[in-house]
>>> print(open('coords.csv').read())   # CSV, C-alpha atoms
chain,number,residue,atom,x,y,z
A,1,MET,CA,0.0,0.0,0.0
A,2,TYR,CA,2.8,2.4,0.9
A,3,LYS,CA,4.7,1.7,-2.3
A,4,LYS,CA,1.5,2.2,-4.4
A,5,THR,CA,0.8,5.5,-2.7
A,6,THR,CA,4.4,6.7,-3.2
A,7,LYS,CA,4.3,5.7,-6.8
A,8,ASN,CA,1.0,7.7,-7.3
A,9,ILE,CA,2.5,10.7,-5.6
A,10,PHE,CA,5.6,10.6,-7.9
A,11,GLY,CA,3.3,10.2,-10.8
A,12,LEU,CA,1.7,13.5,-10.1
A,13,ILE,CA,4.8,15.6,-9.3
A,14,GLY,CA,7.9,16.3,-11.3
A,15,PRO,CA,7.7,19.0,-14.0
A,16,GLY,CA,6.7,21.9,-11.7
A,17,PHE,CA,9.4,21.0,-9.2
A,18,ILE,CA,12.0,20.7,-12.0
A,19,THR,CA,11.0,24.1,-13.4
A,20,ALA,CA,11.3,25.6,-9.9
A,21,ALA,CA,14.7,24.0,-9.3
A,22,LEU,CA,16.1,25.1,-12.6
A,23,VAL,CA,14.9,28.6,-12.1
A,24,LEU,CA,16.1,28.9,-8.5
A,25,GLY,CA,19.9,28.9,-8.9
A,26,PRO,CA,22.8,30.6,-7.0
A,27,GLY,CA,22.1,33.9,-8.9
A,28,SER,CA,18.6,33.9,-7.5
A,29,LEU,CA,19.9,33.4,-3.9
A,30,ALA,CA,22.6,36.0,-4.4
A,31,VAL,CA,20.2,38.6,-5.8
A,32,ALA,CA,17.6,38.0,-3.0
A,33,SER,CA,20.3,38.1,-0.3
A,34,LYS,CA,21.9,41.2,-1.7
A,35,ILE,CA,18.5,43.0,-2.0
A,36,GLY,CA,17.7,42.2,1.6
A,37,ALA,CA,21.1,43.2,2.9
A,38,ASN,CA,21.1,46.5,1.0
A,39,TYR,CA,17.4,47.6,0.8
A,40,GLU,CA,15.8,45.6,3.7
A,41,TYR,CA,12.2,44.7,2.8
A,42,ARG,CA,11.5,47.4,0.2
A,43,LEU,CA,11.6,45.1,-2.8
A,44,LEU,CA,9.8,42.1,-1.3
A,45,TRP,CA,6.6,43.1,-3.1
A,46,ILE,CA,8.1,42.1,-6.4
A,47,LEU,CA,8.1,38.4,-5.6
A,48,PRO,CA,4.4,37.7,-5.2
A,49,LEU,CA,3.8,39.4,-8.6
A,50,CYS,CA,6.5,37.2,-10.2
A,51,VAL,CA,4.8,34.1,-8.7
A,52,ILE,CA,1.5,35.1,-10.1
A,53,PHE,CA,2.7,35.8,-13.7
A,54,MET,CA,5.2,32.8,-13.7
A,55,GLY,CA,2.3,30.6,-12.4
A,56,ALA,CA,0.0,31.8,-15.2
A,57,PHE,CA,2.5,31.1,-18.0
A,58,THR,CA,3.4,27.7,-16.3
A,59,VAL,CA,-0.2,26.6,-16.2
A,60,VAL,CA,-0.7,27.6,-19.9
A,61,SER,CA,2.5,25.8,-20.9
A,62,THR,CA,1.3,22.7,-19.0
A,63,ARG,CA,-1.9,22.7,-20.9
A,64,ILE,CA,-0.1,23.1,-24.2
A,65,GLY,CA,2.1,20.1,-23.4
A,66,ILE,CA,-0.9,18.0,-22.4
A,67,VAL,CA,-3.2,18.7,-25.4
A,68,SER,CA,-0.5,18.8,-28.1
A,69,ASN,CA,1.0,16.0,-30.2
A,70,GLY,CA,4.1,18.0,-31.1
A,71,SER,CA,6.4,20.2,-29.0
A,72,LEU,CA,6.1,24.0,-28.7
A,73,LEU,CA,9.0,24.7,-31.1
A,74,GLN,CA,7.5,22.3,-33.6
A,75,GLN,CA,4.3,24.2,-33.5
A,76,ILE,CA,6.1,27.5,-33.9
A,77,ARG,CA,7.9,26.0,-36.9
A,78,VAL,CA,4.6,25.0,-38.5
A,79,GLN,CA,2.8,28.3,-37.9
A,80,TYR,CA,5.6,30.9,-38.1
A,81,GLY,CA,8.4,29.2,-40.1
A,82,ARG,CA,11.7,27.4,-39.5
A,83,TRP,CA,13.6,30.5,-38.7
A,84,ALA,CA,11.2,31.6,-36.0
A,85,ALA,CA,11.7,28.2,-34.3
A,86,ILE,CA,15.5,28.5,-34.7
A,87,VAL,CA,15.6,32.1,-33.3
A,88,ILE,CA,13.5,31.1,-30.3
A,89,GLY,CA,15.6,27.9,-29.7
A,90,VAL,CA,18.9,29.7,-29.9
A,91,GLY,CA,17.5,32.5,-27.6
A,92,LEU,CA,16.5,29.9,-25.0
A,93,PHE,CA,19.9,28.2,-25.4
A,94,LEU,CA,21.7,31.5,-24.7
A,95,VAL,CA,19.5,32.2,-21.7
A,96,ALA,CA,20.3,28.7,-20.3
A,97,SER,CA,24.0,29.1,-21.1
A,98,SER,CA,24.0,32.5,-19.4
A,99,PHE,CA,22.5,31.0,-16.2
A,100,GLN,CA,24.8,28.0,-16.5
A,101,ALA,CA,27.9,30.0,-15.9
A,102,GLY,CA,26.5,31.3,-12.7
A,103,ASN,CA,25.4,27.8,-11.7
A,104,SER,CA,29.0,26.5,-12.2
A,105,ILE,CA,30.5,29.4,-10.4
A,106,GLY,CA,28.0,29.0,-7.5
A,107,ALA,CA,28.8,25.2,-7.2
A,108,GLY,CA,32.6,25.9,-7.2
A,109,MET,CA,32.3,28.9,-4.9
A,110,VAL,CA,30.6,26.7,-2.2
A,111,PHE,CA,33.8,24.5,-1.9
A,112,SER,CA,36.4,27.1,-2.7
A,113,GLU,CA,35.2,29.6,0.0
A,114,THR,CA,34.5,26.8,2.6
A,115,LEU,CA,37.9,25.1,2.1
A,116,ALA,CA,39.9,28.2,1.1
A,117,MET,CA,41.2,26.7,-2.2
A,118,SER,CA,40.7,27.1,-5.9
A,119,SER,CA,37.2,26.6,-7.3
A,120,ILE,CA,38.4,25.1,-10.5
A,121,PRO,CA,38.6,21.4,-9.4
A,122,TRP,CA,35.1,21.7,-7.9
A,123,ILE,CA,33.7,23.3,-11.0
A,124,ILE,CA,35.2,20.5,-13.1
A,125,GLY,CA,34.0,17.8,-10.6
A,126,THR,CA,30.4,19.2,-10.5
A,127,ALA,CA,30.3,19.3,-14.3
A,128,ALA,CA,31.6,15.7,-14.5
A,129,ILE,CA,28.9,14.5,-12.1
A,130,ALA,CA,26.2,16.2,-14.1
A,131,ILE,CA,27.5,14.8,-17.3
A,132,SER,CA,27.7,11.3,-15.9
A,133,LEU,CA,24.0,11.3,-15.1
A,134,LEU,CA,23.4,11.7,-18.9
A,135,PHE,CA,24.7,8.1,-19.4
A,136,PHE,CA,21.9,6.6,-17.3
A,137,LYS,CA,19.1,5.1,-19.4
A,138,ALA,CA,16.4,6.5,-17.2
A,139,PHE,CA,17.8,10.0,-17.2
A,140,PHE,CA,14.5,11.7,-16.8
A,141,LYS,CA,13.6,9.7,-13.7
A,142,ILE,CA,17.0,10.5,-12.2
A,143,LEU,CA,16.6,14.2,-13.1
A,144,GLU,CA,13.2,14.2,-11.6
A,145,LYS,CA,14.2,12.7,-8.3
A,146,VAL,CA,17.4,14.7,-8.0
A,147,MET,CA,15.6,18.0,-8.6
A,148,ILE,CA,12.7,17.2,-6.2
A,149,GLY,CA,15.3,16.2,-3.6
A,150,MET,CA,17.2,19.4,-4.1
A,151,VAL,CA,14.1,21.6,-3.9
A,152,VAL,CA,13.1,19.9,-0.6
A,153,LEU,CA,16.7,20.4,0.7
A,154,MET,CA,16.6,24.1,-0.2
A,155,LEU,CA,13.2,24.5,1.3
A,156,ILE,CA,14.2,23.0,4.6
A,157,SER,CA,17.6,24.8,4.8
A,158,PHE,CA,16.1,28.2,4.2
A,159,ALA,CA,13.0,27.6,6.3
A,160,ILE,CA,15.2,27.0,9.3
A,161,THR,CA,17.1,30.1,8.4
A,162,LEU,CA,13.9,32.2,8.4
A,163,ILE,CA,12.7,30.9,11.7
A,164,ILE,CA,16.0,31.7,13.5
A,165,SER,CA,16.3,35.1,11.9
A,166,ARG,CA,13.0,36.5,13.2
A,167,PRO,CA,12.1,39.1,10.6
A,168,ASP,CA,10.4,42.4,11.7
A,169,PHE,CA,7.0,41.8,10.2
A,170,SER,CA,5.8,45.3,11.1
A,171,ALA,CA,8.6,46.7,8.9
A,172,VAL,CA,7.7,44.2,6.2
A,173,VAL,CA,4.1,45.5,6.1
A,174,GLU,CA,5.3,49.2,6.3
A,175,GLN,CA,7.8,48.8,3.4
A,176,PHE,CA,5.4,46.7,1.2
A,177,ASN,CA,4.6,49.9,-0.8
A,178,PHE,CA,5.4,49.0,-4.4
A,179,SER,CA,8.3,51.4,-4.7
A,180,VAL,CA,11.8,50.9,-6.2
A,181,PRO,CA,14.5,52.6,-4.1
A,182,ILE,CA,17.1,54.7,-6.1
A,183,GLY,CA,20.1,52.6,-7.0
A,184,SER,CA,18.2,49.2,-6.7
A,185,GLU,CA,17.0,49.1,-10.3
A,186,LEU,CA,19.5,46.6,-11.6
A,187,LEU,CA,18.9,44.3,-8.6
A,188,ALA,CA,15.2,44.6,-9.1
A,189,LEU,CA,15.5,43.6,-12.8
A,190,ALA,CA,17.8,40.7,-11.8
A,191,MET,CA,15.2,39.4,-9.3
A,192,VAL,CA,12.4,39.5,-11.9
A,193,ALA,CA,14.7,37.7,-14.4
A,194,SER,CA,15.4,35.0,-11.9
A,195,SER,CA,11.9,34.6,-10.5
A,196,PHE,CA,9.7,35.2,-13.5
A,197,SER,CA,11.6,32.9,-15.9
A,198,ILE,CA,9.7,32.7,-19.2
A,199,ALA,CA,12.3,30.2,-20.4
A,200,GLY,CA,11.4,27.9,-17.5
A,201,ALA,CA,7.7,28.3,-18.2
A,202,PHE,CA,8.3,27.5,-21.9
A,203,TYR,CA,10.2,24.4,-21.0
A,204,GLN,CA,7.4,23.2,-18.7
A,205,SER,CA,5.5,21.9,-21.8
A,206,TYR,CA,8.4,19.7,-22.7
A,207,LEU,CA,8.7,18.3,-19.2
A,208,VAL,CA,5.0,17.5,-19.3
A,209,GLN,CA,5.4,15.6,-22.6
A,210,GLU,CA,8.5,13.8,-21.4
A,211,LYS,CA,6.5,12.7,-18.3
A,212,GLY,CA,3.8,11.4,-20.6
A,213,TRP,CA,0.9,13.3,-19.0
A,214,THR,CA,-2.4,13.4,-20.7
A,215,THR,CA,-5.8,15.2,-20.1
A,216,VAL,CA,-6.5,12.6,-17.4
A,217,ASN,CA,-5.8,14.4,-14.0
A,218,SER,CA,-5.1,17.6,-16.0
A,219,LYS,CA,-6.2,19.8,-13.0
A,220,SER,CA,-3.8,17.9,-10.7
A,221,HIS,CA,-1.0,18.5,-13.2
A,222,GLU,CA,-1.7,22.2,-13.3
A,223,ARG,CA,-1.8,22.4,-9.5
A,224,GLU,CA,1.6,20.6,-9.4
A,225,GLY,CA,3.1,23.2,-11.7
A,226,ILE,CA,1.7,26.0,-9.5
A,227,THR,CA,3.0,24.4,-6.3
A,228,GLY,CA,6.5,24.3,-7.8
A,229,ILE,CA,6.3,28.0,-8.6
A,230,VAL,CA,4.9,28.9,-5.2
A,231,ILE,CA,7.8,27.0,-3.5
A,232,LEU,CA,10.2,29.0,-5.8
A,233,GLY,CA,8.7,32.2,-4.5
A,234,VAL,CA,8.7,31.1,-0.9
A,235,ILE,CA,12.4,30.1,-0.9
A,236,THR,CA,13.4,33.4,-2.7
A,237,SER,CA,11.3,35.4,-0.2
A,238,THR,CA,12.9,33.5,2.7
A,239,VAL,CA,16.4,34.4,1.6
A,240,LEU,CA,15.4,38.1,1.1
A,241,LEU,CA,13.8,38.2,4.6
A,242,VAL,CA,16.9,36.7,6.2
A,243,GLY,CA,19.2,39.1,4.4
A,244,ALA,CA,17.0,42.0,5.6
A,245,SER,CA,16.6,40.9,9.2
A,246,VAL,CA,20.2,39.8,9.8
A,247,LEU,CA,22.6,41.3,7.3
A,248,TYR,CA,21.0,44.7,6.8
A,249,PRO,CA,21.4,45.8,10.5
A,250,LYS,CA,25.1,44.8,10.3
A,251,GLY,CA,25.7,46.8,7.1
A,252,ILE,CA,26.9,43.7,5.2
A,253,GLU,CA,26.6,44.4,1.4
A,254,VAL,CA,27.0,40.7,0.4
A,255,LYS,CA,29.9,40.4,-2.0
A,256,SER,CA,30.6,36.7,-1.5
A,257,ALA,CA,28.8,33.4,-0.5
A,258,THR,CA,30.6,33.6,2.8
A,259,GLU,CA,28.8,36.9,3.6
A,260,MET,CA,25.5,35.4,2.6
A,261,GLY,CA,26.2,32.6,5.1
A,262,MET,CA,26.8,35.1,7.9
A,263,ALA,CA,23.0,35.4,8.3
A,264,LEU,CA,23.1,32.2,10.4
A,265,GLU,CA,25.9,33.1,12.7
A,266,PRO,CA,23.7,34.1,15.8
A,267,ILE,CA,22.6,30.5,16.1
A,268,PHE,CA,25.1,28.3,14.4
A,269,GLY,CA,28.3,30.3,15.1
A,270,SER,CA,31.3,29.1,13.1
A,271,TYR,CA,29.1,26.4,11.3
A,272,ALA,CA,26.7,29.1,9.9
A,273,THR,CA,28.4,29.4,6.6
A,274,LYS,CA,28.7,25.6,6.1
A,275,ILE,CA,25.0,25.2,6.7
A,276,PHE,CA,24.1,28.0,4.3
A,277,MET,CA,26.5,26.5,1.8
A,278,LEU,CA,24.5,23.3,1.8
A,279,GLY,CA,21.5,25.2,0.5
A,280,LEU,CA,23.6,27.2,-1.9
A,281,PHE,CA,25.0,23.9,-3.4
A,282,ALA,CA,21.5,22.5,-3.7
A,283,ALA,CA,20.5,25.6,-5.6
A,284,SER,CA,23.6,25.5,-7.8
A,285,PHE,CA,23.5,21.8,-8.7
A,286,SER,CA,19.8,21.6,-9.3
A,287,SER,CA,19.8,24.7,-11.5
A,288,LEU,CA,23.0,23.5,-13.3
A,289,LEU,CA,21.3,20.2,-14.2
A,290,GLY,CA,18.0,21.7,-15.1
A,291,ASN,CA,19.3,24.6,-17.1
A,292,ALA,CA,21.6,22.3,-19.1
A,293,THR,CA,18.6,20.0,-19.9
A,294,LEU,CA,16.5,23.0,-20.9
A,295,GLY,CA,19.1,24.5,-23.2
A,296,GLY,CA,20.1,21.2,-24.7
A,297,VAL,CA,16.6,20.0,-25.4
A,298,LEU,CA,15.4,23.3,-26.9
A,299,ILE,CA,18.4,23.9,-29.2
A,300,SER,CA,18.1,20.3,-30.3
A,301,ASP,CA,14.4,20.7,-31.1
A,302,ALA,CA,15.0,24.0,-32.9
A,303,LEU,CA,17.6,22.3,-35.1
A,304,ASN,CA,15.3,19.3,-35.7
A,305,PHE,CA,17.6,16.9,-33.8
A,306,GLY,CA,14.6,15.7,-31.6
A,307,MET,CA,13.5,16.5,-28.1
A,308,LYS,CA,13.6,13.2,-26.2
A,309,LEU,CA,16.1,12.9,-23.4
A,310,GLU,CA,17.1,9.3,-24.6
A,311,SER,CA,18.4,10.8,-27.9
A,312,LYS,CA,22.2,10.9,-28.2
A,313,LYS,CA,22.0,14.2,-30.0
A,314,VAL,CA,19.9,15.7,-27.3
A,315,ARG,CA,22.2,14.5,-24.6
A,316,ALA,CA,25.2,15.8,-26.6
A,317,MET,CA,23.6,19.3,-26.6
A,318,ILE,CA,22.9,19.0,-22.9
A,319,MET,CA,26.5,18.1,-22.3
A,320,LEU,CA,27.5,21.2,-24.4
A,321,VAL,CA,25.6,23.5,-22.1
A,322,ILE,CA,27.3,22.0,-19.1
A,323,VAL,CA,30.8,22.3,-20.7
A,324,ILE,CA,30.1,25.9,-21.8
A,325,GLY,CA,29.1,26.9,-18.2
A,326,ALA,CA,32.1,25.2,-16.7
A,327,ALA,CA,34.5,26.8,-19.2
A,328,VAL,CA,33.2,30.3,-18.6
A,329,ALA,CA,33.3,29.7,-14.8
A,330,ILE,CA,37.0,28.5,-15.0
A,331,VAL,CA,38.0,31.4,-17.3
A,332,PHE,CA,36.5,34.0,-14.9
A,333,GLY,CA,37.5,32.2,-11.8
A,334,ASN,CA,35.8,33.5,-8.6
A,335,LEU,CA,33.3,35.7,-10.5
A,336,PRO,CA,32.1,38.4,-8.2
A,337,ILE,CA,28.4,38.3,-7.2
A,338,GLU,CA,27.9,41.6,-8.9
A,339,LEU,CA,28.6,40.0,-12.3
A,340,ILE,CA,26.2,37.2,-11.6
A,341,VAL,CA,23.6,39.8,-11.0
A,342,VAL,CA,24.4,41.5,-14.3
A,343,ALA,CA,24.2,38.1,-16.1
A,344,GLN,CA,20.8,37.4,-14.5
A,345,SER,CA,19.4,40.7,-15.7
A,346,LEU,CA,20.8,40.4,-19.2
A,347,THR,CA,18.7,37.3,-19.8
A,348,ILE,CA,15.5,39.3,-19.6
A,349,ILE,CA,16.3,41.0,-22.9
A,350,VAL,CA,15.3,38.0,-25.0
A,351,SER,CA,12.3,37.1,-22.8
A,352,PRO,CA,9.6,39.2,-24.5
A,353,LEU,CA,10.1,37.3,-27.8
A,354,ILE,CA,9.9,33.9,-26.0
A,355,GLY,CA,6.8,35.1,-24.1
A,356,LEU,CA,5.1,36.4,-27.3
A,357,MET,CA,5.5,33.0,-29.0
A,358,LEU,CA,4.1,31.2,-26.0
A,359,LEU,CA,1.2,33.6,-25.9
A,360,LEU,CA,0.4,33.3,-29.6
A,361,ILE,CA,0.5,29.5,-29.5
A,362,ALA,CA,-1.7,29.4,-26.4
A,363,PHE,CA,-4.2,31.9,-27.8
A,364,ASP,CA,-4.5,29.9,-31.0
A,365,LYS,CA,-5.1,26.7,-29.2
A,366,SER,CA,-7.6,28.4,-26.9
A,367,LYS,CA,-10.0,28.5,-29.8
A,368,LYS,CA,-10.5,24.8,-29.4
A,369,LYS,CA,-12.6,23.4,-26.5
A,370,GLU,CA,-9.9,21.2,-25.2
A,371,MET,CA,-7.8,24.2,-24.2
A,372,GLU,CA,-10.1,27.1,-23.1
A,373,LEU,CA,-8.0,29.7,-21.3
A,374,GLY,CA,-10.5,31.9,-19.7
A,375,VAL,CA,-10.4,35.7,-19.3
A,376,GLY,CA,-8.3,35.6,-16.2
A,377,LEU,CA,-5.4,33.6,-17.7
A,378,LYS,CA,-5.5,35.6,-20.9
A,379,THR,CA,-5.3,38.8,-19.0
A,380,LEU,CA,-2.4,37.6,-16.9
A,381,MET,CA,-0.5,36.5,-20.0
A,382,ILE,CA,-1.0,39.8,-21.7
A,383,LEU,CA,0.0,41.8,-18.6
A,384,GLY,CA,3.0,39.4,-18.1
A,385,LEU,CA,4.1,40.0,-21.7
A,386,LEU,CA,3.8,43.8,-21.3
A,387,ILE,CA,5.9,43.6,-18.1
A,388,LEU,CA,8.6,41.5,-19.8
A,389,LEU,CA,8.7,44.1,-22.7
A,390,PHE,CA,8.9,47.0,-20.2
A,391,LEU,CA,11.7,45.3,-18.2
A,392,ALA,CA,13.6,44.5,-21.4
A,393,LEU,CA,13.6,48.1,-22.4
A,394,ALA,CA,14.5,49.3,-18.9
A,395,ASN,CA,17.3,46.8,-18.7
A,396,GLY,CA,18.7,47.8,-22.0
A,397,TYR,CA,18.6,51.4,-21.0
A,398,ASN,CA,20.3,50.7,-17.6
A,399,LEU,CA,23.0,48.5,-19.2
A,400,PHE,CA,23.8,50.3,-22.4
A,401,ILE,CA,22.6,53.9,-22.3
A,402,LYS,CA,22.5,55.1,-18.7
>>> encode(input="coords.csv", output="structure tokens")
Amino acid sequence: MYKKTTKNIFGLIGPGFITAALVLGPGSLAVASKIGANYEYRLLWILPLCVIFMGAFTVVSTRIGIVSNGSLLQQIRVQYGRWAAIVIGVGLFLVASSFQAGNSIGAGMVFSETLAMSSIPWIIGTAAIAISLLFFKAFFKILEKVMIGMVVLMLISFAITLIISRPDFSAVVEQFNFSVPIGSELLALAMVASSFSIAGAFYQSYLVQEKGWTTVNSKSHEREGITGIVILGVITSTVLLVGASVLYPKGIEVKSATEMGMALEPIFGSYATKIFMLGLFAASFSSLLGNATLGGVLISDALNFGMKLESKKVRAMIMLVIVIGAAVAIVFGNLPIELIVVAQSLTIIVSPLIGLMLLLIAFDKSKKKEMELGVGLKTLMILGLLILLFLALANGYNLFIK
């Protein structure tokens, strides 16, 4: 009976948790921690909005995956031409590769700062472990369980952190005023890029099809997707709250993983950084594995190599993303957290085009009874796309003109 129940539970979870794990990388934790340490609770209001819009796009992507015979990129190829599919696929590959460098750096930084040694052996070792998983026949099942385990580990690690940090909830309410403090614009953009990941939402449809989900239990599948995104928002909010309640009063700006770990010092003393590093490694490795899979699958599909994880060509592309991330991490060495923040915000520039394609496919399919979207979802998708467009313009201005 226990085995049957466990099997049923694992049959209903997976894609949403994988999406959350691949989105929640070291860059997300660095951005949230840095925002809390520098601006206290003033930007916390951004996260619930990100969860709402990310949740809407994830639900729609789940429905597309369930009701469609072909992949999203295949549908884009049919309706808008081969080059449209290639542009979107390459854009998603670049987004994944951009995050991947941060994931490799984050994984290496955990050991290099803890053991006071070079991060290069650890970057190579982490990449080798990730690549070795590709050679297992049941790669998706391994990916699924690793990602779910990492999400649970992150949730537990940072929940304990939140409890012991005792945030000032009266200050949280007072500062929840939808304002953006002067000087925080780039960090705010980076947090949106890492929490409202249109690339992650896009890939959800692929995960659903890899899982083999159908219209049976479709509402449960959608709830699973939303649950993963809510957990993403909870963990990110927890890190921000801890940074605001512990690091902000001390005037710590957060320029390294060690400084992020100082949030736990009042309770765990000299072990604080090691405990925090456990959560950081979980975020780094889960996002490294997930991002590589996202980038590899989507570029393969865009180039007509296929989309199934058992395909050798697909696995080769996944391996390429892992190698690119590790190579960039080694070249730059101990990349400062500020540069991880910039890399996070840069990815949002290609997001409007990805969001537009997802919206167009969804609206086209909504004409059929099997995928009615409803006014609420359509409104959230349009507003989400407008937000992505605005953020892309604002980010371009901040990075290249201002």
>>> atom_distance(input="coords.csv", atom1="atom CA of A:Pro167", atom2="atom CA of A:Ala107")
28.1 Å
>>> atom_distance(input="coords.csv", atom1="atom CA of A:Ala329", atom2="atom CA of A:Gly27")
13.3 Å
>>> residues_around(input="coords.csv", residues="stretch 52-55 of chain A", least_positions_apart="5", cutoff="12 Å", atoms="only C-alpha atoms", output="short mmCIF file (atom, residue, chain, number, x, y, z; two decimals) with C-alpha atoms, in the frame of the given file")
data_model
loop_
_atom_site.label_atom_id
_atom_site.label_comp_id
_atom_site.auth_asym_id
_atom_site.auth_seq_id
_atom_site.Cartn_x
_atom_site.Cartn_y
_atom_site.Cartn_z
CA GLY A 16 6.70 21.90 -11.70
CA THR A 19 11.00 24.10 -13.40
CA ALA A 20 11.30 25.60 -9.90
CA VAL A 23 14.90 28.60 -12.10
CA TRP A 45 6.60 43.10 -3.10
CA ILE A 46 8.10 42.10 -6.40
CA LEU A 47 8.10 38.40 -5.60
CA VAL A 60 -0.70 27.60 -19.90
CA SER A 61 2.50 25.80 -20.90
CA THR A 62 1.30 22.70 -19.00
CA VAL A 192 12.40 39.50 -11.90
CA ALA A 193 14.70 37.70 -14.40
CA SER A 194 15.40 35.00 -11.90
CA SER A 195 11.90 34.60 -10.50
CA PHE A 196 9.70 35.20 -13.50
CA SER A 197 11.60 32.90 -15.90
CA ILE A 198 9.70 32.70 -19.20
CA ALA A 199 12.30 30.20 -20.40
CA GLY A 200 11.40 27.90 -17.50
CA ALA A 201 7.70 28.30 -18.20
CA PHE A 202 8.30 27.50 -21.90
CA GLN A 204 7.40 23.20 -18.70
CA GLU A 222 -1.70 22.20 -13.30
CA ARG A 223 -1.80 22.40 -9.50
CA GLU A 224 1.60 20.60 -9.40
CA GLY A 225 3.10 23.20 -11.70
CA ILE A 226 1.70 26.00 -9.50
CA THR A 227 3.00 24.40 -6.30
CA GLY A 228 6.50 24.30 -7.80
CA ILE A 229 6.30 28.00 -8.60
CA VAL A 230 4.90 28.90 -5.20
CA ILE A 231 7.80 27.00 -3.50
CA LEU A 232 10.20 29.00 -5.80
CA GLY A 233 8.70 32.20 -4.50
CA GLY A 355 6.80 35.10 -24.10
CA GLY A 376 -8.30 35.60 -16.20
CA LEU A 377 -5.40 33.60 -17.70
CA LYS A 378 -5.50 35.60 -20.90
CA THR A 379 -5.30 38.80 -19.00
CA LEU A 380 -2.40 37.60 -16.90
CA MET A 381 -0.50 36.50 -20.00
CA ILE A 382 -1.00 39.80 -21.70
CA LEU A 383 0.00 41.80 -18.60
CA GLY A 384 3.00 39.40 -18.10
CA LEU A 385 4.10 40.00 -21.70
CA LEU A 386 3.80 43.80 -21.30
CA ILE A 387 5.90 43.60 -18.10
CA LEU A 388 8.60 41.50 -19.80
#
>>> atom_distance(input="coords.csv", atom1="atom CA of A:Asn395", atom2="atom CA of A:Glu185")
8.7 Å
>>> closest_residue(input="coords.csv", among="A:Ala96, A:Ile299, A:Ala362, A:Phe285", to="A:Ile131", atoms="only C-alpha atoms")
A:Phe285
>>> build_atoms(input="coords.csv", residues="stretch 196-210 of chain A", atoms="N, CA and C atoms", output="JSON list (two decimals), in the coordinates of the input")
[["chain", "number", "residue", "atom", "x", "y", "z"],
["A", 196, "PHE", "N", 10.70, 35.34, -12.49],
["A", 196, "PHE", "CA", 9.70, 35.20, -13.50],
["A", 196, "PHE", "C", 10.42, 34.78, -14.81],
["A", 197, "SER", "N", 10.76, 33.49, -14.83],
["A", 197, "SER", "CA", 11.60, 32.90, -15.90],
["A", 197, "SER", "C", 10.65, 32.40, -17.02],
["A", 198, "ILE", "N", 10.51, 33.15, -18.08],
["A", 198, "ILE", "CA", 9.70, 32.70, -19.20],
["A", 198, "ILE", "C", 10.28, 31.49, -19.87],
["A", 199, "ALA", "N", 11.60, 31.38, -19.81],
["A", 199, "ALA", "CA", 12.30, 30.20, -20.40],
["A", 199, "ALA", "C", 11.86, 28.94, -19.60],
["A", 200, "GLY", "N", 11.81, 29.05, -18.27],
["A", 200, "GLY", "CA", 11.40, 27.90, -17.50],
["A", 200, "GLY", "C", 9.93, 27.54, -17.73],
["A", 201, "ALA", "N", 9.07, 28.56, -17.88],
["A", 201, "ALA", "CA", 7.70, 28.30, -18.20],
["A", 201, "ALA", "C", 7.52, 27.64, -19.56],
["A", 202, "PHE", "N", 8.28, 28.11, -20.54],
["A", 202, "PHE", "CA", 8.30, 27.50, -21.90],
["A", 202, "PHE", "C", 8.64, 26.06, -21.84],
["A", 203, "TYR", "N", 9.67, 25.75, -21.07],
["A", 203, "TYR", "CA", 10.20, 24.40, -21.00],
["A", 203, "TYR", "C", 9.22, 23.44, -20.26],
["A", 204, "GLN", "N", 8.32, 24.00, -19.46],
["A", 204, "GLN", "CA", 7.40, 23.20, -18.70],
["A", 204, "GLN", "C", 6.58, 22.25, -19.65],
["A", 205, "SER", "N", 6.22, 22.73, -20.84],
["A", 205, "SER", "CA", 5.50, 21.90, -21.80],
["A", 205, "SER", "C", 6.26, 20.68, -22.22],
["A", 206, "TYR", "N", 7.58, 20.85, -22.35],
["A", 206, "TYR", "CA", 8.40, 19.70, -22.70],
["A", 206, "TYR", "C", 8.53, 18.70, -21.60],
["A", 207, "LEU", "N", 8.62, 19.18, -20.37],
["A", 207, "LEU", "CA", 8.70, 18.30, -19.20],
["A", 207, "LEU", "C", 7.40, 17.48, -19.10],
["A", 208, "VAL", "N", 6.27, 18.14, -19.34],
["A", 208, "VAL", "CA", 5.00, 17.50, -19.30],
["A", 208, "VAL", "C", 4.91, 16.35, -20.32],
["A", 209, "GLN", "N", 5.39, 16.62, -21.53],
["A", 209, "GLN", "CA", 5.40, 15.60, -22.60],
["A", 209, "GLN", "C", 6.36, 14.49, -22.32],
["A", 210, "GLU", "N", 7.52, 14.83, -21.75],
["A", 210, "GLU", "CA", 8.50, 13.80, -21.40],
["A", 210, "GLU", "C", 7.93, 12.90, -20.28]]
